[in-house]
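A.B. asks: final_38.pdb is reproduced in full below (PDB, C-alpha atoms).
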ATOM      1  CA  MET A   1     -61.170 -69.346  14.704
ATOM      2  CA  ASN A   2     -60.371 -65.920  15.753
ATOM      3  CA  ARG A   3     -56.938 -64.861  14.853
ATOM      4  CA  PRO A   4     -55.620 -62.406  17.272
ATOM      5  CA  ASN A   5     -54.628 -59.202  15.626
ATOM      6  CA  SER A   6     -50.853 -59.509  15.466
ATOM      7  CA  TYR A   7     -50.622 -56.264  13.731
ATOM      8  CA  SER A   8     -52.620 -53.244  14.233
ATOM      9  CA  SER A   9     -51.895 -50.154  12.373
ATOM     10  CA  PRO A  10     -50.956 -47.230  14.518
ATOM     11  CA  SER A  11     -53.921 -45.164  15.210
ATOM     12  CA  ARG A  12     -54.073 -42.080  13.134
ATOM     13  CA  PRO A  13     -54.465 -38.828  14.926
ATOM     14  CA  SER A  14     -57.945 -37.606  14.678
ATOM     15  CA  ARG A  15     -58.627 -34.703  12.480
ATOM     16  CA  SER A  16     -59.326 -32.419  15.372
ATOM     17  CA  SER A  17     -55.816 -32.767  16.850
ATOM     18  CA  ARG A  18     -53.995 -31.776  13.663
ATOM     19  CA  PRO A  19     -52.632 -28.258  13.408
ATOM     20  CA  SER A  20     -55.468 -26.040  12.407
ATOM     21  CA  ARG A  21     -53.653 -24.136   9.661
ATOM     22  CA  ARG A  22     -54.007 -25.774   6.337
ATOM     23  CA  ARG A  23     -51.178 -25.643   3.861
ATOM     24  CA  ALA A  24     -51.111 -26.619   0.282
ATOM     25  CA  ALA A  25     -48.716 -29.506  -0.110
ATOM     26  CA  GLY A  26     -45.081 -28.524  -0.708
ATOM     27  CA  HIS A  27     -45.199 -24.928   0.621
ATOM     28  CA  PRO A  28     -42.663 -24.179   3.403
ATOM     29  CA  PRO A  29     -43.650 -21.913   6.265
ATOM     30  CA  SER A  30     -43.048 -18.160   5.881
ATOM     31  CA  ALA A  31     -40.195 -18.164   8.415
ATOM     32  CA  THR A  32     -38.173 -20.285   5.996
ATOM     33  CA  TYR A  33     -38.604 -17.660   3.299
ATOM     34  CA  LEU A  34     -37.316 -15.022   5.649
ATOM     35  CA  ILE A  35     -34.303 -17.049   6.654
ATOM     36  CA  ALA A  36     -33.575 -17.869   3.048
ATOM     37  CA  GLY A  37     -33.929 -14.235   2.015
ATOM     38  CA  GLY A  38     -31.843 -12.999   4.919
ATOM     39  CA  SER A  39     -29.116 -15.512   4.136
ATOM     40  CA  MET A  40     -29.020 -14.443   0.511
ATOM     41  CA  LEU A  41     -28.715 -10.809   1.537
ATOM     42  CA  ALA A  42     -25.965 -11.729   3.962
ATOM     43  CA  ILE A  43     -24.067 -13.611   1.274
ATOM     44  CA  VAL A  44     -24.406 -10.716  -1.160
ATOM     45  CA  GLY A  45     -23.323  -8.277   1.523
ATOM     46  CA  LEU A  46     -20.272 -10.352   2.333
ATOM     47  CA  LEU A  47     -19.237 -10.801  -1.270
ATOM     48  CA  VAL A  48     -19.887  -7.323  -2.649
ATOM     49  CA  ASP A  49     -17.871  -4.412  -1.353
ATOM     50  CA  LEU A  50     -19.577  -1.257  -2.566
ATOM     51  CA  ARG A  51     -16.314   0.616  -2.217
ATOM     52  CA  THR A  52     -14.909  -1.393  -5.075
ATOM     53  CA  VAL A  53     -17.680  -0.054  -7.261
ATOM     54  CA  PHE A  54     -16.588   3.552  -6.774
ATOM     55  CA  ARG A  55     -12.886   3.546  -7.304
ATOM     56  CA  PRO A  56     -10.369   6.220  -8.213
ATOM     57  CA  GLU A  57      -9.839   6.336 -11.937
ATOM     58  CA  PRO A  58      -6.492   5.214 -13.231
ATOM     59  CA  VAL A  59      -3.959   7.936 -13.748
ATOM     60  CA  ALA A  60      -4.405   7.804 -17.492
ATOM     61  CA  ASP A  61      -7.552   9.792 -16.886
ATOM     62  CA  VAL A  62      -5.661  12.583 -15.169
ATOM     63  CA  CYS A  63      -3.060  13.088 -17.871
ATOM     64  CA  GLN A  64      -3.041  16.682 -18.957
ATOM     65  CA  THR A  65      -1.012  16.354 -22.142
ATOM     66  CA  ILE A  66      -0.074  13.245 -24.035
ATOM     67  CA  VAL A  67       3.588  13.466 -24.972
ATOM     68  CA  GLN A  68       4.462  10.141 -26.580
ATOM     69  CA  ARG A  69       1.683   7.660 -27.038
ATOM     70  CA  GLN A  70       4.077   4.776 -27.677
ATOM     71  CA  SER A  71       6.077   5.394 -24.555
ATOM     72  CA  VAL A  72       6.318   2.596 -22.023
ATOM     73  CA  LEU A  73       8.778   1.777 -19.291
ATOM     74  CA  SER A  74      10.605  -1.509 -19.716
ATOM     75  CA  ARG A  75      11.996  -3.605 -16.875
ATOM     76  CA  SER A  76      15.557  -2.602 -17.678
ATOM     77  CA  GLU A  77      14.687   1.099 -17.854
ATOM     78  CA  LEU A  78      12.899   0.811 -14.536
ATOM     79  CA  SER A  79      15.782  -0.918 -12.790
ATOM     80  CA  ARG A  80      18.238   1.634 -14.176
ATOM     81  CA  LEU A  81      15.998   4.454 -13.023
ATOM     82  CA  LEU A  82      15.731   3.046  -9.521
ATOM     83  CA  ASP A  83      19.520   3.332  -9.322
ATOM     84  CA  ILE A  84      19.423   7.081  -9.928
ATOM     85  CA  PRO A  85      19.635   8.964  -6.640
ATOM     86  CA  GLU A  86      17.073  11.637  -5.865
ATOM     87  CA  ARG A  87      18.141  15.202  -6.602
ATOM     88  CA  SER A  88      19.857  14.118  -9.805
ATOM     89  CA  SER A  89      19.044  16.332 -12.719
ATOM     90  CA  LYS A  90      15.973  15.734 -14.806
ATOM     91  CA  ALA A  91      18.234  15.260 -17.837
ATOM     92  CA  THR A  92      19.932  12.310 -16.135
ATOM     93  CA  VAL A  93      16.591  10.620 -15.660
ATOM     94  CA  GLN A  94      15.359  11.410 -19.170
ATOM     95  CA  ASN A  95      18.483   9.818 -20.596
ATOM     96  CA  VAL A  96      17.335   6.543 -19.073
ATOM     97  CA  VAL A  97      13.577   6.701 -19.511
ATOM     98  CA  SER A  98      13.167   9.059 -22.482
ATOM     99  CA  GLU A  99       9.882  10.805 -23.114
ATOM    100  CA  PRO A 100       6.899  10.060 -20.924
ATOM    101  CA  TYR A 101       3.542   8.883 -22.152
ATOM    102  CA  CYS A 102       1.968  11.969 -20.654
ATOM    103  CA  VAL A 103       2.415  14.898 -18.353
ATOM    104  CA  LEU A 104       0.174  15.454 -15.339
ATOM    105  CA  PRO A 105      -0.834  18.952 -14.270
ATOM    106  CA  SER A 106       1.852  20.780 -12.293
ATOM    107  CA  VAL A 107       1.119  21.067  -8.613
ATOM    108  CA  GLU A 108       2.408  23.366  -5.944
ATOM    109  CA  VAL A 109       2.711  21.229  -2.819
ATOM    110  CA  ARG A 110       5.559  23.104  -1.223
ATOM    111  CA  ALA A 111       5.199  26.869  -1.150
ATOM    112  CA  ASN A 112       6.619  28.579  -4.238
ATOM    113  CA  VAL A 113       7.806  25.398  -5.907
ATOM    114  CA  MET A 114       5.964  23.955  -8.888
ATOM    115  CA  ALA A 115       6.278  20.183  -9.117
ATOM    116  CA  GLU A 116       6.193  18.586 -12.546
ATOM    117  CA  ARG A 117       4.878  15.090 -12.944
ATOM    118  CA  GLU A 118       5.415  12.682 -15.801
ATOM    119  CA  ALA A 119       3.767   9.304 -16.229
ATOM    120  CA  TYR A 120       4.741   6.070 -17.976
ATOM    121  CA  PRO A 121       2.758   2.845 -18.282
ATOM    122  CA  LEU A 122       4.848  -0.204 -17.391
ATOM    123  CA  GLU A 123       5.646  -2.266 -20.460
ATOM    124  CA  PHE A 124       5.250  -5.494 -18.485
ATOM    125  CA  ASP A 125       2.120  -4.354 -16.650
ATOM    126  CA  PRO A 126       0.266  -1.691 -18.627
ATOM    127  CA  GLN A 127      -2.384  -1.327 -15.923
ATOM    128  CA  THR A 128       0.267   0.057 -13.593
ATOM    129  CA  TRP A 129       1.670   3.523 -14.105
ATOM    130  CA  PHE A 130       4.994   4.880 -13.010
ATOM    131  CA  ILE A 131       4.951   8.526 -11.992
ATOM    132  CA  ILE A 132       8.023  10.718 -11.634
ATOM    133  CA  LEU A 133       8.057  14.037  -9.840
ATOM    134  CA  TYR A 134      10.568  16.793 -10.617
ATOM    135  CA  GLU A 135      11.135  20.100  -8.873
ATOM    136  CA  ASN A 136      13.405  22.862 -10.130
ATOM    137  CA  GLY A 137      14.845  20.538 -12.758
ATOM    138  CA  GLU A 138      15.691  17.909 -10.157
ATOM    139  CA  TYR A 139      14.379  14.390  -9.782
ATOM    140  CA  ALA A 140      12.402  14.240  -6.516
ATOM    141  CA  GLY A 141      10.837  10.818  -6.444
ATOM    142  CA  TYR A 142       8.615   8.238  -8.018
ATOM    143  CA  ASP A 143       5.592   6.117  -7.263
ATOM    144  CA  PHE A 144       3.514   3.377  -8.818
ATOM    145  CA  SER A 145      -0.118   4.089  -9.466
ATOM    146  CA  PHE A 146      -2.174   0.932  -9.531
ATOM    147  CA  LYS A 147      -5.484   0.622 -11.255
ATOM    148  CA  ARG A 148      -7.730  -0.731  -8.540
TER     149      ARG A 148
ATOM    150  CA  MET B   1     -47.143 -19.204  14.598
ATOM    151  CA  LYS B   2     -46.503 -15.539  15.283
ATOM    152  CA  ARG B   3     -43.498 -16.430  17.398
ATOM    153  CA  ARG B   4     -42.014 -18.423  14.585
ATOM    154  CA  ALA B   5     -42.526 -15.547  12.163
ATOM    155  CA  ASN B   6     -40.883 -13.123  14.581
ATOM    156  CA  LEU B   7     -37.994 -15.510  15.006
ATOM    157  CA  GLY B   8     -37.694 -15.704  11.262
ATOM    158  CA  TRP B   9     -37.558 -11.914  10.979
ATOM    159  CA  ALA B  10     -34.981 -11.745  13.747
ATOM    160  CA  ILE B  11     -32.763 -14.274  12.055
ATOM    161  CA  ALA B  12     -33.158 -12.560   8.708
ATOM    162  CA  LEU B  13     -32.221  -9.185  10.180
ATOM    163  CA  LEU B  14     -29.277 -10.645  12.049
ATOM    164  CA  LEU B  15     -27.919 -12.323   8.951
ATOM    165  CA  THR B  16     -28.436  -9.200   6.849
ATOM    166  CA  SER B  17     -26.698  -6.958   9.345
ATOM    167  CA  MET B  18     -23.812  -9.402   9.637
ATOM    168  CA  GLY B  19     -23.480  -9.384   5.897
ATOM    169  CA  CYS B  20     -23.615  -5.619   5.625
ATOM    170  CA  THR B  21     -20.989  -4.797   8.230
ATOM    171  CA  GLN B  22     -17.790  -6.007   6.705
ATOM    172  CA  ALA B  23     -14.758  -6.095   8.914
ATOM    173  CA  GLN B  24     -12.601  -3.036   8.224
ATOM    174  CA  PRO B  25      -9.323  -4.064   6.686
ATOM    175  CA  ASN B  26      -6.541  -3.632   9.164
ATOM    176  CA  HIS B  27      -4.841  -0.225   8.845
ATOM    177  CA  PRO B  28      -1.624  -0.263  10.811
ATOM    178  CA  PRO B  29      -0.458   3.154  11.982
ATOM    179  CA  ARG B  30       2.297   4.717   9.936
ATOM    180  CA  THR B  31       5.306   6.224  11.602
ATOM    181  CA  LEU B  32       8.284   7.815   9.952
ATOM    182  CA  GLN B  33      11.537   9.589  10.634
ATOM    183  CA  ILE B  34      11.360  13.352  10.510
ATOM    184  CA  GLU B  35      14.590  15.065   9.655
ATOM    185  CA  GLN B  36      14.064  18.019  11.960
ATOM    186  CA  THR B  37      14.671  16.743  15.446
ATOM    187  CA  TRP B  38      12.894  19.376  17.440
ATOM    188  CA  GLN B  39      12.476  18.838  21.134
ATOM    189  CA  LEU B  40       8.761  19.473  21.206
ATOM    190  CA  GLN B  41       6.521  17.599  18.804
ATOM    191  CA  PRO B  42       2.782  17.030  18.541
ATOM    192  CA  GLY B  43       1.778  14.249  20.896
ATOM    193  CA  HIS B  44       4.345  15.125  23.556
ATOM    194  CA  SER B  45       3.160  16.100  26.994
ATOM    195  CA  ILE B  46       4.293  19.218  28.822
ATOM    196  CA  ALA B  47       3.249  19.668  32.449
ATOM    197  CA  GLY B  48       0.418  17.224  31.908
ATOM    198  CA  HIS B  49      -0.837  19.008  28.786
ATOM    199  CA  ARG B  50      -0.656  17.458  25.346
ATOM    200  CA  ILE B  51       1.050  19.344  22.550
ATOM    201  CA  VAL B  52      -1.206  19.311  19.500
ATOM    202  CA  SER B  53       0.762  21.442  17.078
ATOM    203  CA  GLY B  54       4.478  21.776  16.455
ATOM    204  CA  LEU B  55       6.897  23.783  14.376
ATOM    205  CA  GLY B  56       5.904  23.204  10.769
ATOM    206  CA  ASP B  57       2.176  22.810  11.423
ATOM    207  CA  ILE B  58      -0.329  25.256  10.035
ATOM    208  CA  SER B  59      -3.350  25.430  12.350
ATOM    209  CA  VAL B  60      -6.714  26.083  10.756
ATOM    210  CA  GLN B  61     -10.082  26.579  12.434
ATOM    211  CA  VAL B  62     -12.272  24.230  10.479
ATOM    212  CA  LYS B  63     -15.133  24.456  13.003
ATOM    213  CA  GLY B  64     -16.390  20.925  12.601
ATOM    214  CA  ASN B  65     -16.444  20.988   8.834
ATOM    215  CA  ARG B  66     -15.019  18.337   6.583
ATOM    216  CA  VAL B  67     -11.483  17.922   5.380
ATOM    217  CA  TYR B  68     -11.019  16.644   1.838
ATOM    218  CA  ALA B  69      -8.480  14.543  -0.016
ATOM    219  CA  PRO B  70      -6.431  16.917  -2.182
ATOM    220  CA  PHE B  71      -5.686  14.140  -4.703
ATOM    221  CA  ASP B  72      -6.584  10.519  -5.271
ATOM    222  CA  GLY B  73      -4.620   8.809  -2.559
ATOM    223  CA  THR B  74      -4.468   6.860   0.666
ATOM    224  CA  VAL B  75      -5.199   7.815   4.264
ATOM    225  CA  GLU B  76      -3.247   6.013   6.960
ATOM    226  CA  PRO B  77      -3.603   6.404  10.706
ATOM    227  CA  HIS B  78      -0.630   7.926  12.497
ATOM    228  CA  ALA B  79      -1.316   8.851  16.088
ATOM    229  CA  THR B  80      -4.317   9.953  18.111
ATOM    230  CA  ASP B  81      -6.347  12.216  15.846
ATOM    231  CA  CYS B  82      -3.585  12.252  13.228
ATOM    232  CA  VAL B  83      -3.456  10.751   9.753
ATOM    233  CA  PHE B  84      -1.031  10.701   6.884
ATOM    234  CA  PHE B  85      -2.312  11.364   3.410
ATOM    235  CA  SER B  86      -0.232  10.216   0.473
ATOM    236  CA  SER B  87      -0.885  10.081  -3.228
ATOM    237  CA  SER B  88       0.835   7.963  -5.830
ATOM    238  CA  GLN B  89       0.156  10.821  -8.218
ATOM    239  CA  VAL B  90       2.289  13.135  -6.074
ATOM    240  CA  PRO B  91       5.415  11.164  -5.272
ATOM    241  CA  ALA B  92       7.849  12.246  -2.562
ATOM    242  CA  TYR B  93       5.229  14.156  -0.538
ATOM    243  CA  LEU B  94       3.128  13.347   2.505
ATOM    244  CA  ILE B  95       0.574  15.441   4.283
ATOM    245  CA  ARG B  96       0.127  15.041   8.007
ATOM    246  CA  LEU B  97      -3.272  16.071   9.309
ATOM    247  CA  CYS B  98      -3.893  16.244  13.037
ATOM    248  CA  GLY B  99      -7.052  17.148  14.857
ATOM    249  CA  ILE B 100      -9.136  14.922  12.582
ATOM    250  CA  GLN B 101     -12.163  13.075  13.860
ATOM    251  CA  ARG B 102     -14.147  10.320  12.188
ATOM    252  CA  SER B 103     -11.400   9.801   9.674
ATOM    253  CA  ARG B 104     -11.707   7.113   7.070
ATOM    254  CA  PHE B 105      -8.688   5.048   6.162
ATOM    255  CA  GLY B 106      -7.590   3.476   2.949
ATOM    256  CA  ASP B 107      -7.997   4.677  -0.600
ATOM    257  CA  VAL B 108      -9.822   7.901  -1.230
ATOM    258  CA  ARG B 109     -10.641   9.821  -4.374
ATOM    259  CA  GLU B 110      -9.771  13.442  -4.884
ATOM    260  CA  GLY B 111     -12.440  15.526  -3.197
ATOM    261  CA  GLU B 112     -13.704  12.775  -0.909
ATOM    262  CA  ALA B 113     -13.993  13.660   2.763
ATOM    263  CA  ILE B 114     -11.187  12.358   4.937
ATOM    264  CA  GLY B 115     -12.851  13.351   8.189
ATOM    265  CA  ASN B 116     -14.028  16.292  10.226
ATOM    266  CA  SER B 117     -12.069  18.728  12.299
ATOM    267  CA  THR B 118     -12.498  21.568  14.731
ATOM    268  CA  LEU B 119      -8.915  22.735  14.747
ATOM    269  CA  LEU B 120      -6.817  21.174  12.006
ATOM    270  CA  GLN B 121      -3.032  20.977  12.000
ATOM    271  CA  VAL B 122      -1.573  20.584   8.524
ATOM    272  CA  ALA B 123       2.034  19.706   7.866
ATOM    273  CA  VAL B 124       3.645  18.855   4.536
ATOM    274  CA  LEU B 125       6.568  16.461   4.469
ATOM    275  CA  ARG B 126       9.017  15.964   1.632
ATOM    276  CA  ARG B 127      11.005  12.813   1.268
ATOM    277  CA  GLN B 128      14.737  13.276   1.444
ATOM    278  CA  PRO B 129      17.359  11.212  -0.367
ATOM    279  CA  SER B 130      18.311   9.768   3.028
ATOM    280  CA  GLY B 131      14.826   8.245   3.319
ATOM    281  CA  GLN B 132      13.845  10.604   6.110
ATOM    282  CA  TRP B 133      11.077  13.135   5.736
ATOM    283  CA  ALA B 134      11.539  16.881   6.133
ATOM    284  CA  LEU B 135       8.835  19.316   7.182
ATOM    285  CA  VAL B 136       8.441  21.943   4.482
ATOM    286  CA  GLU B 137       6.295  25.013   4.053
ATOM    287  CA  PRO B 138       2.841  24.044   2.790
ATOM    288  CA  SER B 139       1.583  25.926  -0.229
ATOM    289  CA  THR B 140      -1.683  27.852  -0.269
ATOM    290  CA  SER B 141      -2.957  25.643  -3.040
ATOM    291  CA  ILE B 142      -2.461  22.422  -1.120
ATOM    292  CA  LEU B 143      -4.320  23.851   1.876
ATOM    293  CA  GLU B 144      -7.148  25.003  -0.345
ATOM    294  CA  ARG B 145      -7.468  21.601  -1.932
ATOM    295  CA  THR B 146      -7.711  20.057   1.525
ATOM    296  CA  LEU B 147     -10.194  22.511   2.969
ATOM    297  CA  ARG B 148     -12.360  23.732   0.124
ATOM    298  CA  LYS B 149     -15.478  21.697  -0.552
ATOM    299  CA  PRO B 150     -15.084  20.372  -4.087
TER     300      PRO B 150
END
Once more with this new file: its structure as structure tokens, please.
C.D. replies:
Amino acid sequence: MNRPNSYSSPSRPSRSSRPSRRRAAGHPPSATYLIAGGSMLAIVGLLVDLRTVFRPEPVADVCQTIVQRQSVLSRSELSRLLDIPERSSKATVQNVVSEPYCVLPSVEVRANVMAEREAYPLEFDPQTWFIILYENGEYAGYDFSFKR
Amino acid sequence: MKRRANLGWAIALLLTSMGCTQAQPNHPPRTLQIEQTWQLQPGHSIAGHRIVSGLGDISVQVKGNRVYAPFDGTVEPHATDCVFFSSSQVPAYLIRLCGIQRSRFGDVREGEAIGNSTLLQVAVLRRQPSGQWALVEPSTSILERTLRKP
């Protein structure tokens, strides 16, 4: 008795209709490599900012003369200093903050006036420096210099 | 097959270029109060002509050359063609530079180019106890630091 074929395997494509390029098993096409490589470059480019590689040096590197290596500025000294109005005498400020860690080179920003600059690391954040500028024996202003 | 390879290259280049061009951090323009309240200031218009230099500006023919950061500091935009340069190492002072093209903003190191200029207007401002800024006479040394190639 002839049993009808209830199942017939799907016909395989003939050899001639397969793609002609032969690949060793497991190798992805070259376009995938390019996409993968491009994506990696994109990720690196997004994550790395070259500008962070070349950064200004912290102010400790521009000290001209070290005055008092142990000198730091505490929170209480800082808050008392911030209460001192500009144009007070340098002596008034020094009474609060005492000797600086170092002195920066004098600069002449305004014609015929030499500005003196003194720097203190913050006791509570030694990476941050506090810089005071004096002119003609008067307190002119301050700024924080952050190590980037 | 060639089309797929070309597409792959195109995608790779697109992704690489997207990765390389980071969005510039936002630099909001800086404005401030100048103590001297002169009638005519840079940026004002007179008879349809724009004033580019005011009392307190020193004008220098830079002839397209570069302008340099006099100290480690920060460049902020101010107005058309104008920037403010400030340095935490020089408290209480600001330098206003007008006539600058292709300026870069943000942190700069001493000696780095801030931009280029044909005719540069330099003004030095000193912070007053009131919080306002006063135009003061720029020193020769500050101008040299800004103009001389390091």
A.B. asks: Hey, which of B:Ser59, B:Gln121, B:Gln39, B:Thr74 ends up closest to chain A? Count all atoms listed in the file.
C.D. replies: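 Looking only at the distances to chain A, the closest residue turns out to be B:Thr74.
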A.B. asks: Using only C-alpha atoms, which residues of chain B come within 9 Å of chain A, and what is the closest atom pair for each, with the distance in Å to one decimal? Give it as JSON lines, sorted by chain and residue number.
C.D. replies:
{"residue": "B:Arg4", "atom": "CA", "partner": "A:Ala31", "partner_atom": "CA", "distance": 6.4}
{"residue": "B:Ala5", "atom": "CA", "partner": "A:Ala31", "partner_atom": "CA", "distance": 5.1}
{"residue": "B:Asn6", "atom": "CA", "partner": "A:Ala31", "partner_atom": "CA", "distance": 8.0}
{"residue": "B:Leu7", "atom": "CA", "partner": "A:Ala31", "partner_atom": "CA", "distance": 7.4}
{"residue": "B:Gly8", "atom": "CA", "partner": "A:Ala31", "partner_atom": "CA", "distance": 4.5}
{"residue": "B:Trp9", "atom": "CA", "partner": "A:Leu34", "partner_atom": "CA", "distance": 6.2}
{"residue": "B:Ala10", "atom": "CA", "partner": "A:Ile35", "partner_atom": "CA", "distance": 8.9}
{"residue": "B:Ile11", "atom": "CA", "partner": "A:Ile35", "partner_atom": "CA", "distance": 6.3}
{"residue": "B:Ala12", "atom": "CA", "partner": "A:Gly38", "partner_atom": "CA", "distance": 4.0}
{"residue": "B:Leu13", "atom": "CA", "partner": "A:Gly38", "partner_atom": "CA", "distance": 6.5}
{"residue": "B:Leu14", "atom": "CA", "partner": "A:Gly38", "partner_atom": "CA", "distance": 7.9}
{"residue": "B:Leu15", "atom": "CA", "partner": "A:Ala42", "partner_atom": "CA", "distance": 5.4}
{"residue": "B:Thr16", "atom": "CA", "partner": "A:Ala42", "partner_atom": "CA", "distance": 4.6}
{"residue": "B:Ser17", "atom": "CA", "partner": "A:Ala42", "partner_atom": "CA", "distance": 7.2}
{"residue": "B:Met18", "atom": "CA", "partner": "A:Ala42", "partner_atom": "CA", "distance": 6.5}
{"residue": "B:Gly19", "atom": "CA", "partner": "A:Ala42", "partner_atom": "CA", "distance": 3.9}
{"residue": "B:Cys20", "atom": "CA", "partner": "A:Gly45", "partner_atom": "CA", "distance": 4.9}
{"residue": "B:Thr21", "atom": "CA", "partner": "A:Gly45", "partner_atom": "CA", "distance": 7.9}
{"residue": "B:Gln22", "atom": "CA", "partner": "A:Leu46", "partner_atom": "CA", "distance": 6.6}
{"residue": "B:Asp72", "atom": "CA", "partner": "A:Pro56", "partner_atom": "CA", "distance": 6.4}
{"residue": "B:Gly73", "atom": "CA", "partner": "A:Pro56", "partner_atom": "CA", "distance": 8.5}
{"residue": "B:Ser87", "atom": "CA", "partner": "A:Asp143", "partner_atom": "CA", "distance": 8.6}
{"residue": "B:Ser88", "atom": "CA", "partner": "A:Asp143", "partner_atom": "CA", "distance": 5.3}
{"residue": "B:Gln89", "atom": "CA", "partner": "A:Ile131", "partner_atom": "CA", "distance": 6.5}
{"residue": "B:Val90", "atom": "CA", "partner": "A:Leu133", "partner_atom": "CA", "distance": 6.9}
{"residue": "B:Pro91", "atom": "CA", "partner": "A:Tyr142", "partner_atom": "CA", "distance": 5.1}
{"residue": "B:Ala92", "atom": "CA", "partner": "A:Gly141", "partner_atom": "CA", "distance": 5.1}
{"residue": "B:Tyr93", "atom": "CA", "partner": "A:Val109", "partner_atom": "CA", "distance": 7.8}
{"residue": "B:Asp107", "atom": "CA", "partner": "A:Pro56", "partner_atom": "CA", "distance": 8.1}
{"residue": "B:Val108", "atom": "CA", "partner": "A:Pro56", "partner_atom": "CA", "distance": 7.2}
{"residue": "B:Arg109", "atom": "CA", "partner": "A:Pro56", "partner_atom": "CA", "distance": 5.3}
{"residue": "B:Glu110", "atom": "CA", "partner": "A:Pro56", "partner_atom": "CA", "distance": 8.0}
{"residue": "B:Val124", "atom": "CA", "partner": "A:Arg110", "partner_atom": "CA", "distance": 7.4}
{"residue": "B:Leu125", "atom": "CA", "partner": "A:Arg110", "partner_atom": "CA", "distance": 8.8}
{"residue": "B:Arg126", "atom": "CA", "partner": "A:Arg110", "partner_atom": "CA", "distance": 8.4}
{"residue": "B:Arg127", "atom": "CA", "partner": "A:Gly141", "partner_atom": "CA", "distance": 8.0}
{"residue": "B:Gln128", "atom": "CA", "partner": "A:Glu86", "partner_atom": "CA", "distance": 7.8}
{"residue": "B:Pro129", "atom": "CA", "partner": "A:Glu86", "partner_atom": "CA", "distance": 5.5}
{"residue": "B:Val136", "atom": "CA", "partner": "A:Arg110", "partner_atom": "CA", "distance": 6.5}
{"residue": "B:Glu137", "atom": "CA", "partner": "A:Ala111", "partner_atom": "CA", "distance": 5.6}
{"residue": "B:Pro138", "atom": "CA", "partner": "A:Arg110", "partner_atom": "CA", "distance": 4.9}
{"residue": "B:Ser139", "atom": "CA", "partner": "A:Ala111", "partner_atom": "CA", "distance": 3.8}
{"residue": "B:Thr140", "atom": "CA", "partner": "A:Ala111", "partner_atom": "CA", "distance": 7.0}
{"residue": "B:Ser141", "atom": "CA", "partner": "A:Glu108", "partner_atom": "CA", "distance": 6.5}
{"residue": "B:Ile142", "atom": "CA", "partner": "A:Val109", "partner_atom": "CA", "distance": 5.6}
{"residue": "B:Leu143", "atom": "CA", "partner": "A:Val109", "partner_atom": "CA", "distance": 8.9}
A.B. asks: Given all atoms listed in the file as the basis, pick out the residue of B:Thr146, B:Gln36, B:Thr80, B:Thr118 nearest to B:Ile95.
C.D. replies: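 For B:Ile95, the nearest of the candidates is B:Thr146.
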A.B. asks: Need to verify the contact set: B:Ala123, 6 Å, all atoms listed in the file, exclusion of same-chain residues closer than 4 positions in sequence. Can you return it as a ChimeraX atom specification?
C.D. replies: /B:56-57,95-96
A.B. asks: Could you give me, as number ranges by chain, the residues within 10 Å of B:His27, counting all atoms listed in the file and dropping anything in the same chain fewer than 2 positions from it?
C.D. replies: B: 24-25, 29-30, 75-78, 105-106
A.B. asks: Would you kindly return, as a PyMOL selection string, each protein, DNA or RNA residue with an atom no farther than 12 Å from any atom of B:Asn65, considering all atoms listed in the file and excluding same-chain residues fewer than 6 positions away?
C.D. replies: chain B and resi 99-102+113-120+146-149
A.B. asks: Grab the atom CA of A:Pro100 to atom CA of B:Pro70 distance for me, in Å with one decimal place.
C.D. replies: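 Computed distance, atom CA of A:Pro100 to atom CA of B:Pro70, equals 24.0 Å.
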A.B. asks: Do a neighbour search on A:Ser98 at 12 Å with all atoms listed in the file, toss out local chain neighbours closer than 4 positions, and write the hits as a PDB file with C-alpha atoms, in the frame of the given file.
C.D. replies:
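Output file around-v3.pdb follows:
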ATOM      1  CA  VAL A  67       3.588  13.466 -24.972  1.00  0.00           C
ATOM      2  CA  GLN A  68       4.462  10.141 -26.580  1.00  0.00           C
ATOM      3  CA  GLN A  70       4.077   4.776 -27.677  1.00  0.00           C
ATOM      4  CA  SER A  71       6.077   5.394 -24.555  1.00  0.00           C
ATOM      5  CA  VAL A  72       6.318   2.596 -22.023  1.00  0.00           C
ATOM      6  CA  LEU A  73       8.778   1.777 -19.291  1.00  0.00           C
ATOM      7  CA  SER A  74      10.605  -1.509 -19.716  1.00  0.00           C
ATOM      8  CA  GLU A  77      14.687   1.099 -17.854  1.00  0.00           C
ATOM      9  CA  LEU A  78      12.899   0.811 -14.536  1.00  0.00           C
ATOM     10  CA  LEU A  81      15.998   4.454 -13.023  1.00  0.00           C
ATOM     11  CA  LYS A  90      15.973  15.734 -14.806  1.00  0.00           C
ATOM     12  CA  ALA A  91      18.234  15.260 -17.837  1.00  0.00           C
ATOM     13  CA  THR A  92      19.932  12.310 -16.135  1.00  0.00           C
ATOM     14  CA  VAL A  93      16.591  10.620 -15.660  1.00  0.00           C
ATOM     15  CA  GLN A  94      15.359  11.410 -19.170  1.00  0.00           C
ATOM     16  CA  CYS A 102       1.968  11.969 -20.654  1.00  0.00           C
ATOM     17  CA  GLU A 118       5.415  12.682 -15.801  1.00  0.00           C
ATOM     18  CA  ALA A 119       3.767   9.304 -16.229  1.00  0.00           C
ATOM     19  CA  TYR A 120       4.741   6.070 -17.976  1.00  0.00           C
TER      20      TYR A 120
END
A.B. asks: Quick check, in Å to one decimal: how far apart do atom CA of B:Ile58 and atom CA of B:Phe84 lie?
C.D. replies: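 Separating atom CA of B:Ile58 from atom CA of B:Phe84 is a distance of 14.9 Å.
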A.B. asks: Can you report as AutoDock Vina command-line options the centre and edge lengths in Å, to one decimal, of an axis-aligned box around the listed atoms of stretch 83-100 of chain B padded with 6 Å on each side?
C.D. replies:
--center_x -0.6 --center_y 12.6 --center_z 3.3 --size_x 29.0 --size_y 21.2 --size_z 35.1
A.B. asks: Calculate how many Å separate atom CA of B:Gly111 from atom CA of B:Val67, rounding to one decimal.
C.D. replies: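 A separation of 9.0 Å between them.
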